[in-house]
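> So here's my_file-v1.txt, just compact mmCIF, N, CA and C atoms:
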# COMPACT_ATOMS: atom_id res chain seq x y z
N MET A 1 18.31 2.59 -29.28
CA MET A 1 18.61 1.27 -28.78
C MET A 1 17.66 0.94 -27.63
N ASN A 2 16.98 -0.17 -27.68
CA ASN A 2 16.07 -0.59 -26.61
C ASN A 2 16.83 -1.30 -25.52
N LYS A 3 16.67 -0.80 -24.30
CA LYS A 3 17.26 -1.47 -23.14
C LYS A 3 16.24 -2.43 -22.57
N LYS A 4 16.74 -3.56 -22.11
CA LYS A 4 15.87 -4.52 -21.45
C LYS A 4 15.45 -3.93 -20.11
N PRO A 5 14.15 -3.95 -19.77
CA PRO A 5 13.71 -3.41 -18.48
C PRO A 5 14.36 -4.18 -17.33
N ARG A 6 14.74 -3.45 -16.32
CA ARG A 6 15.39 -4.06 -15.16
C ARG A 6 14.32 -4.59 -14.21
N ASN A 7 14.57 -5.75 -13.65
CA ASN A 7 13.67 -6.32 -12.65
C ASN A 7 14.14 -5.88 -11.28
N TYR A 8 13.41 -4.96 -10.70
CA TYR A 8 13.74 -4.47 -9.37
C TYR A 8 13.04 -5.32 -8.32
N ASP A 9 13.68 -5.47 -7.17
CA ASP A 9 13.03 -6.14 -6.05
C ASP A 9 12.60 -5.06 -5.08
N TRP A 10 11.31 -4.80 -5.05
CA TRP A 10 10.77 -3.76 -4.18
C TRP A 10 10.33 -4.32 -2.83
N ASP A 11 10.69 -5.56 -2.53
CA ASP A 11 10.37 -6.18 -1.24
C ASP A 11 8.87 -6.17 -0.95
N GLY A 12 8.07 -6.27 -2.00
CA GLY A 12 6.62 -6.33 -1.82
C GLY A 12 5.93 -4.98 -1.75
N PHE A 13 6.69 -3.89 -1.76
CA PHE A 13 6.08 -2.56 -1.67
C PHE A 13 5.47 -2.17 -3.02
N THR A 14 4.43 -1.35 -2.96
CA THR A 14 3.74 -0.85 -4.14
C THR A 14 4.42 0.42 -4.61
N ILE A 15 4.62 0.54 -5.92
CA ILE A 15 5.27 1.71 -6.50
C ILE A 15 4.21 2.58 -7.17
N ASN A 16 4.31 3.89 -6.97
CA ASN A 16 3.46 4.83 -7.69
C ASN A 16 4.38 5.75 -8.49
N LEU A 17 3.99 6.03 -9.71
CA LEU A 17 4.77 6.88 -10.60
C LEU A 17 3.82 7.91 -11.20
N TYR A 18 4.17 9.19 -11.07
CA TYR A 18 3.28 10.23 -11.63
C TYR A 18 4.11 11.42 -12.09
N LEU A 19 3.50 12.23 -12.94
CA LEU A 19 4.12 13.44 -13.47
C LEU A 19 3.71 14.61 -12.60
N ASP A 20 4.69 15.33 -12.04
CA ASP A 20 4.35 16.46 -11.16
C ASP A 20 4.16 17.74 -11.97
N ASP A 21 3.89 18.84 -11.27
CA ASP A 21 3.61 20.13 -11.93
C ASP A 21 4.80 20.64 -12.74
N GLU A 22 6.01 20.22 -12.37
CA GLU A 22 7.21 20.67 -13.08
C GLU A 22 7.64 19.69 -14.16
N GLN A 23 6.74 18.75 -14.48
CA GLN A 23 6.96 17.75 -15.52
C GLN A 23 8.07 16.75 -15.20
N ASP A 24 8.38 16.59 -13.91
CA ASP A 24 9.29 15.53 -13.47
C ASP A 24 8.46 14.29 -13.17
N LEU A 25 9.00 13.14 -13.46
CA LEU A 25 8.34 11.88 -13.10
C LEU A 25 8.77 11.52 -11.68
N ILE A 26 7.82 11.44 -10.80
CA ILE A 26 8.06 11.13 -9.39
C ILE A 26 7.69 9.68 -9.16
N ALA A 27 8.58 8.95 -8.51
CA ALA A 27 8.31 7.56 -8.13
C ALA A 27 8.45 7.47 -6.62
N TYR A 28 7.54 6.73 -5.98
CA TYR A 28 7.65 6.54 -4.54
C TYR A 28 7.03 5.22 -4.12
N LEU A 29 7.41 4.78 -2.92
CA LEU A 29 6.82 3.58 -2.34
C LEU A 29 5.53 4.01 -1.66
N VAL A 30 4.41 3.47 -2.06
CA VAL A 30 3.11 3.90 -1.55
C VAL A 30 3.04 3.77 -0.03
N GLU A 31 3.54 2.64 0.50
CA GLU A 31 3.46 2.40 1.94
C GLU A 31 4.50 3.20 2.73
N LEU A 32 5.54 3.69 2.05
CA LEU A 32 6.59 4.51 2.67
C LEU A 32 6.84 5.72 1.77
N PRO A 33 5.90 6.69 1.74
CA PRO A 33 5.99 7.78 0.77
C PRO A 33 7.23 8.67 0.92
N ASN A 34 7.92 8.58 2.07
CA ASN A 34 9.14 9.36 2.22
C ASN A 34 10.29 8.77 1.40
N VAL A 35 10.12 7.55 0.90
CA VAL A 35 11.11 6.94 0.00
C VAL A 35 10.65 7.26 -1.42
N SER A 36 11.30 8.27 -2.01
CA SER A 36 10.86 8.74 -3.32
C SER A 36 12.06 9.20 -4.14
N ALA A 37 11.82 9.38 -5.42
CA ALA A 37 12.86 9.86 -6.33
C ALA A 37 12.18 10.45 -7.55
N HIS A 38 12.96 11.15 -8.36
CA HIS A 38 12.39 11.70 -9.59
C HIS A 38 13.39 11.57 -10.72
N GLY A 39 12.89 11.71 -11.93
CA GLY A 39 13.73 11.65 -13.11
C GLY A 39 12.99 12.18 -14.31
N ASN A 40 13.69 12.19 -15.43
CA ASN A 40 13.09 12.68 -16.68
C ASN A 40 12.29 11.60 -17.40
N THR A 41 12.58 10.35 -17.09
CA THR A 41 11.87 9.23 -17.70
C THR A 41 11.41 8.28 -16.60
N ALA A 42 10.50 7.39 -16.95
CA ALA A 42 10.05 6.40 -15.98
C ALA A 42 11.21 5.51 -15.54
N ASP A 43 12.02 5.07 -16.50
CA ASP A 43 13.17 4.22 -16.16
C ASP A 43 14.13 4.92 -15.21
N GLU A 44 14.40 6.19 -15.48
CA GLU A 44 15.31 6.96 -14.63
C GLU A 44 14.72 7.12 -13.23
N SER A 45 13.44 7.41 -13.15
CA SER A 45 12.78 7.57 -11.85
C SER A 45 12.82 6.28 -11.05
N LEU A 46 12.54 5.17 -11.72
CA LEU A 46 12.55 3.88 -11.03
C LEU A 46 13.96 3.49 -10.59
N GLU A 47 14.95 3.76 -11.42
CA GLU A 47 16.34 3.48 -11.05
C GLU A 47 16.73 4.29 -9.81
N GLU A 48 16.38 5.57 -9.81
CA GLU A 48 16.69 6.42 -8.66
C GLU A 48 15.93 5.97 -7.41
N LEU A 49 14.69 5.56 -7.59
CA LEU A 49 13.91 5.07 -6.45
C LEU A 49 14.53 3.80 -5.89
N TYR A 50 14.97 2.92 -6.77
CA TYR A 50 15.60 1.68 -6.31
C TYR A 50 16.86 2.00 -5.50
N LEU A 51 17.67 2.92 -5.98
CA LEU A 51 18.88 3.31 -5.24
C LEU A 51 18.51 3.92 -3.89
N ALA A 52 17.48 4.75 -3.87
CA ALA A 52 17.03 5.36 -2.61
C ALA A 52 16.56 4.29 -1.64
N TRP A 53 15.79 3.31 -2.12
CA TRP A 53 15.28 2.24 -1.27
C TRP A 53 16.44 1.41 -0.70
N GLU A 54 17.43 1.12 -1.53
CA GLU A 54 18.60 0.37 -1.05
C GLU A 54 19.34 1.15 0.04
N MET A 55 19.47 2.48 -0.13
CA MET A 55 20.13 3.31 0.89
C MET A 55 19.32 3.35 2.18
N VAL A 56 18.01 3.45 2.07
CA VAL A 56 17.15 3.46 3.26
C VAL A 56 17.31 2.15 4.02
N LYS A 57 17.32 1.03 3.30
CA LYS A 57 17.50 -0.27 3.97
C LYS A 57 18.85 -0.35 4.67
N GLU A 58 19.89 0.17 4.02
CA GLU A 58 21.22 0.19 4.66
C GLU A 58 21.20 1.02 5.93
N ASP A 59 20.52 2.17 5.89
CA ASP A 59 20.42 3.03 7.08
C ASP A 59 19.72 2.30 8.22
N TYR A 60 18.63 1.61 7.92
CA TYR A 60 17.93 0.84 8.96
C TYR A 60 18.88 -0.17 9.58
N GLN A 61 19.63 -0.89 8.74
CA GLN A 61 20.54 -1.92 9.24
C GLN A 61 21.65 -1.31 10.08
N GLU A 62 22.22 -0.20 9.60
CA GLU A 62 23.30 0.46 10.34
C GLU A 62 22.83 0.97 11.69
N ASP A 63 21.57 1.39 11.77
CA ASP A 63 21.00 1.90 13.02
C ASP A 63 20.45 0.79 13.90
N GLY A 64 20.57 -0.46 13.45
CA GLY A 64 20.08 -1.59 14.23
C GLY A 64 18.57 -1.69 14.28
N GLU A 65 17.90 -1.08 13.31
CA GLU A 65 16.43 -1.11 13.25
C GLU A 65 15.97 -2.14 12.23
N LYS A 66 14.75 -2.61 12.42
CA LYS A 66 14.16 -3.55 11.47
C LYS A 66 13.72 -2.81 10.21
N ILE A 67 13.98 -3.42 9.07
CA ILE A 67 13.51 -2.87 7.81
C ILE A 67 12.00 -3.08 7.75
N PRO A 68 11.23 -2.04 7.41
CA PRO A 68 9.77 -2.19 7.35
C PRO A 68 9.35 -3.33 6.41
N ILE A 69 8.26 -3.97 6.76
CA ILE A 69 7.71 -5.05 5.94
C ILE A 69 6.50 -4.50 5.19
N ALA A 70 6.46 -4.79 3.91
CA ALA A 70 5.33 -4.34 3.08
C ALA A 70 4.04 -4.98 3.56
N THR A 71 2.96 -4.23 3.48
CA THR A 71 1.65 -4.74 3.87
C THR A 71 1.32 -6.03 3.13
N SER A 72 1.72 -6.12 1.88
CA SER A 72 1.42 -7.32 1.08
C SER A 72 2.13 -8.56 1.59
N ARG A 73 3.17 -8.39 2.39
CA ARG A 73 3.93 -9.53 2.91
C ARG A 73 3.64 -9.82 4.38
N LYS A 74 2.75 -9.05 4.98
CA LYS A 74 2.39 -9.28 6.38
C LYS A 74 1.25 -10.29 6.45
N ASP A 75 1.23 -11.04 7.55
CA ASP A 75 0.09 -11.91 7.81
C ASP A 75 -1.04 -11.05 8.36
N HIS A 76 -2.24 -11.29 7.88
CA HIS A 76 -3.41 -10.56 8.36
C HIS A 76 -4.36 -11.53 9.02
N SER A 77 -4.92 -11.13 10.15
CA SER A 77 -5.78 -12.01 10.92
C SER A 77 -7.17 -12.17 10.30
N GLY A 78 -7.57 -11.21 9.50
CA GLY A 78 -8.93 -11.23 8.96
C GLY A 78 -9.92 -10.51 9.86
N CYS A 79 -9.42 -9.94 10.94
CA CYS A 79 -10.28 -9.21 11.88
C CYS A 79 -9.78 -7.78 12.04
N PHE A 80 -10.71 -6.86 12.09
CA PHE A 80 -10.39 -5.49 12.47
C PHE A 80 -11.65 -4.83 13.00
N ASN A 81 -11.46 -3.81 13.81
CA ASN A 81 -12.59 -3.09 14.40
C ASN A 81 -12.78 -1.77 13.68
N VAL A 82 -14.02 -1.40 13.52
CA VAL A 82 -14.32 -0.12 12.90
C VAL A 82 -15.48 0.52 13.67
N CYS A 83 -15.35 1.80 13.93
CA CYS A 83 -16.43 2.53 14.60
C CYS A 83 -17.30 3.19 13.54
N ILE A 84 -18.60 3.04 13.70
CA ILE A 84 -19.55 3.64 12.76
C ILE A 84 -20.63 4.36 13.55
N ASP A 85 -21.36 5.18 12.87
CA ASP A 85 -22.47 5.91 13.48
C ASP A 85 -23.50 4.91 14.03
N LYS A 86 -24.10 5.25 15.17
CA LYS A 86 -25.09 4.37 15.81
C LYS A 86 -26.25 4.03 14.87
N ARG A 87 -26.66 5.00 14.07
CA ARG A 87 -27.78 4.76 13.15
C ARG A 87 -27.41 3.75 12.07
N VAL A 88 -26.18 3.83 11.61
CA VAL A 88 -25.71 2.87 10.61
C VAL A 88 -25.63 1.48 11.23
N HIS A 89 -25.12 1.42 12.46
CA HIS A 89 -25.02 0.15 13.18
C HIS A 89 -26.40 -0.48 13.33
N ARG A 90 -27.36 0.33 13.75
CA ARG A 90 -28.73 -0.16 13.94
C ARG A 90 -29.31 -0.67 12.61
N ALA A 91 -29.14 0.10 11.56
CA ALA A 91 -29.68 -0.29 10.25
C ALA A 91 -29.06 -1.60 9.76
N LEU A 92 -27.76 -1.75 9.97
CA LEU A 92 -27.10 -2.99 9.57
C LEU A 92 -27.57 -4.17 10.40
N ALA A 93 -27.75 -3.94 11.71
CA ALA A 93 -28.22 -5.01 12.59
C ALA A 93 -29.62 -5.46 12.18
N ILE A 94 -30.48 -4.52 11.83
CA ILE A 94 -31.84 -4.86 11.37
C ILE A 94 -31.78 -5.63 10.06
N GLU A 95 -30.95 -5.15 9.14
CA GLU A 95 -30.81 -5.83 7.84
C GLU A 95 -30.31 -7.27 8.03
N ALA A 96 -29.34 -7.44 8.92
CA ALA A 96 -28.81 -8.79 9.19
C ALA A 96 -29.88 -9.68 9.80
N ALA A 97 -30.65 -9.14 10.74
CA ALA A 97 -31.71 -9.93 11.39
C ALA A 97 -32.76 -10.35 10.36
N GLN A 98 -33.13 -9.43 9.48
CA GLN A 98 -34.12 -9.75 8.45
C GLN A 98 -33.60 -10.83 7.50
N ALA A 99 -32.30 -10.81 7.25
CA ALA A 99 -31.70 -11.81 6.35
C ALA A 99 -31.37 -13.10 7.09
N ARG A 100 -31.58 -13.09 8.41
CA ARG A 100 -31.29 -14.24 9.27
C ARG A 100 -29.82 -14.66 9.18
N ILE A 101 -28.95 -13.65 9.16
CA ILE A 101 -27.51 -13.89 9.21
C ILE A 101 -26.91 -12.99 10.27
N SER A 102 -25.69 -13.28 10.64
CA SER A 102 -25.04 -12.46 11.66
C SER A 102 -24.66 -11.10 11.08
N LEU A 103 -24.52 -10.14 11.95
CA LEU A 103 -24.07 -8.81 11.54
C LEU A 103 -22.70 -8.93 10.87
N ASN A 104 -21.84 -9.76 11.44
CA ASN A 104 -20.50 -9.97 10.88
C ASN A 104 -20.59 -10.50 9.45
N ALA A 105 -21.46 -11.49 9.22
CA ALA A 105 -21.61 -12.06 7.88
C ALA A 105 -22.12 -11.01 6.89
N LEU A 106 -23.07 -10.20 7.33
CA LEU A 106 -23.62 -9.16 6.47
C LEU A 106 -22.54 -8.15 6.07
N VAL A 107 -21.81 -7.66 7.05
CA VAL A 107 -20.78 -6.65 6.78
C VAL A 107 -19.66 -7.25 5.93
N SER A 108 -19.28 -8.49 6.21
CA SER A 108 -18.24 -9.16 5.41
C SER A 108 -18.66 -9.24 3.95
N THR A 109 -19.91 -9.59 3.72
CA THR A 109 -20.43 -9.69 2.36
C THR A 109 -20.41 -8.33 1.67
N LYS A 110 -20.85 -7.30 2.39
CA LYS A 110 -20.87 -5.96 1.81
C LYS A 110 -19.45 -5.47 1.50
N LEU A 111 -18.50 -5.74 2.38
CA LEU A 111 -17.12 -5.32 2.14
C LEU A 111 -16.50 -6.08 0.96
N ALA A 112 -16.85 -7.34 0.83
CA ALA A 112 -16.30 -8.15 -0.26
C ALA A 112 -16.76 -7.65 -1.62
N ARG A 113 -17.93 -7.01 -1.67
CA ARG A 113 -18.45 -6.47 -2.93
C ARG A 113 -17.71 -5.22 -3.36
N LYS A 114 -17.00 -4.59 -2.45
CA LYS A 114 -16.25 -3.35 -2.67
C LYS A 114 -17.21 -2.24 -2.88
Can the structure from this file be put into structure tokens for me?


Amino acid sequence: MNKKPRNYDWDGFTINLYLDDEQDLIAYLVELPNVSAHGNTADESLEELYLAWEMVKEDYQEDGEKIPIATSRKDHSGCFNVCIDKRVHRALAIEAAQARISLNALVSTKLARK
């Protein structure tokens, strides 16, 4: 008998599901890896993970703490700082100057290419 897949609300968190060395299917929230569960099937693992996530949220509420917000649901400024080797910095600055663009524009373009 085919069961209709359940629509879980993961609050924007990313789910990872994999087979471990003991052939159990492990499911966890990528951004909160301590929230995990296992089962014999993907459906069972996801059901257990959903129950675990609901319990974790209840614990946060009972303790008067804020429930974590998934990275996908946070506002991002578009700015971050990164430290790089001086030689890399110099090479990028030269490349940007030769292209007659800002270092920021050059690095943004390179990052956007992945």

> Extract the full set of alpha helix (DSSP H) residues from chain A according to DSSP on the backbone, and format it as an MDAnalysis selection string.

chainID A and resid 42:62 86:99 103:112

> Calculate how many Å separate atom CA of A:Ala27 from atom CA of A:Gly39, rounding to one decimal.

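Between atom CA of A:Ala27 and atom CA of A:Gly39 the gap works out to 8.4 Å.
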
> Please provide the set of residues having any atom within 7 Å of stretch 72-86 of chain A, restricted to all atoms listed in the file, with same-chain residues fewer than 3 positions apart removed, written as a PyMOL selection string.

chain A and resi 11-13+69+89-91

> Report the residues of stretch 14-94 of chain A whose backbone DSSP state falls under strand (DSSP E or B), written as a list in words.

Ile15, Asn16, Leu17, Tyr18, Leu19, Leu25, Ile26, Ala27, Tyr28, Leu29, Leu32, Pro33, Asn34, Val35, Ser36, Ala37, His38 and Gly39 of chain A

> Select, from A:Val56, A:Ala112, A:Gln23, A:Leu17, the residue with the minimum atom-to-atom distance to A:Val35, counting all atoms listed in the file.

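Ranking A:Val56, A:Ala112, A:Gln23, A:Leu17 by distance to A:Val35, first place goes to A:Val56.
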
> Can you tell me which residues surround A:Thr14 at a distance of at most 10 Å, considering only C-alpha atoms, apart from same-chain residues fewer than 4 positions away, and format the answer as an NGL selection string?

:A and (10 or 28-32 or 70-72)

> Filtering to N, CA and C atoms, could you give me those residues as a short mmCIF file (atom, residue, chain, number, x, y, z; two decimals), in the coordinates of the input?


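selection.cif written:
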data_model
loop_
_atom_site.label_atom_id
_atom_site.label_comp_id
_atom_site.auth_asym_id
_atom_site.auth_seq_id
_atom_site.Cartn_x
_atom_site.Cartn_y
_atom_site.Cartn_z
N TRP A 10 11.31 -4.80 -5.05
CA TRP A 10 10.77 -3.76 -4.18
C TRP A 10 10.33 -4.32 -2.83
N TYR A 28 7.54 6.73 -5.98
CA TYR A 28 7.65 6.54 -4.54
C TYR A 28 7.03 5.22 -4.12
N LEU A 29 7.41 4.78 -2.92
CA LEU A 29 6.82 3.58 -2.34
C LEU A 29 5.53 4.01 -1.66
N VAL A 30 4.41 3.47 -2.06
CA VAL A 30 3.11 3.90 -1.55
C VAL A 30 3.04 3.77 -0.03
N GLU A 31 3.54 2.64 0.50
CA GLU A 31 3.46 2.40 1.94
C GLU A 31 4.50 3.20 2.73
N LEU A 32 5.54 3.69 2.05
CA LEU A 32 6.59 4.51 2.67
C LEU A 32 6.84 5.72 1.77
N ALA A 70 6.46 -4.79 3.91
CA ALA A 70 5.33 -4.34 3.08
C ALA A 70 4.04 -4.98 3.56
N THR A 71 2.96 -4.23 3.48
CA THR A 71 1.65 -4.74 3.87
C THR A 71 1.32 -6.03 3.13
N SER A 72 1.72 -6.12 1.88
CA SER A 72 1.42 -7.32 1.08
C SER A 72 2.13 -8.56 1.59
#

> Rounded to one decimal, what separation in Å do you get between atom C of A:Asp59 and atom CA of A:Ser45?

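Straight-line distance from atom C of A:Asp59 to atom CA of A:Ser45 works out to 21.9 Å.
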
> Excluding same-chain residues fewer than 6 positions from A:Thr41, what lies within 8 Å of it counting only N, CA and C atoms, as a ChimeraX atom specification?

/A:24-26,47

> Quick one, how far is atom CA of A:Asp9 from atom C of A:Leu46?

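We find that atom CA of A:Asp9 and atom C of A:Leu46 lie 10.7 Å from each other.
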
> Could you put an axis-aligned box around every listed atom of stretch 45-52 of chain A, padded by 5 Å on each side, and send me its centre and edge lengths in Å to one decimal, as AutoDock Vina command-line options?


--center_x 15.7 --center_y 4.6 --center_z -7.4 --size_x 16.3 --size_y 15.9 --size_z 21.5
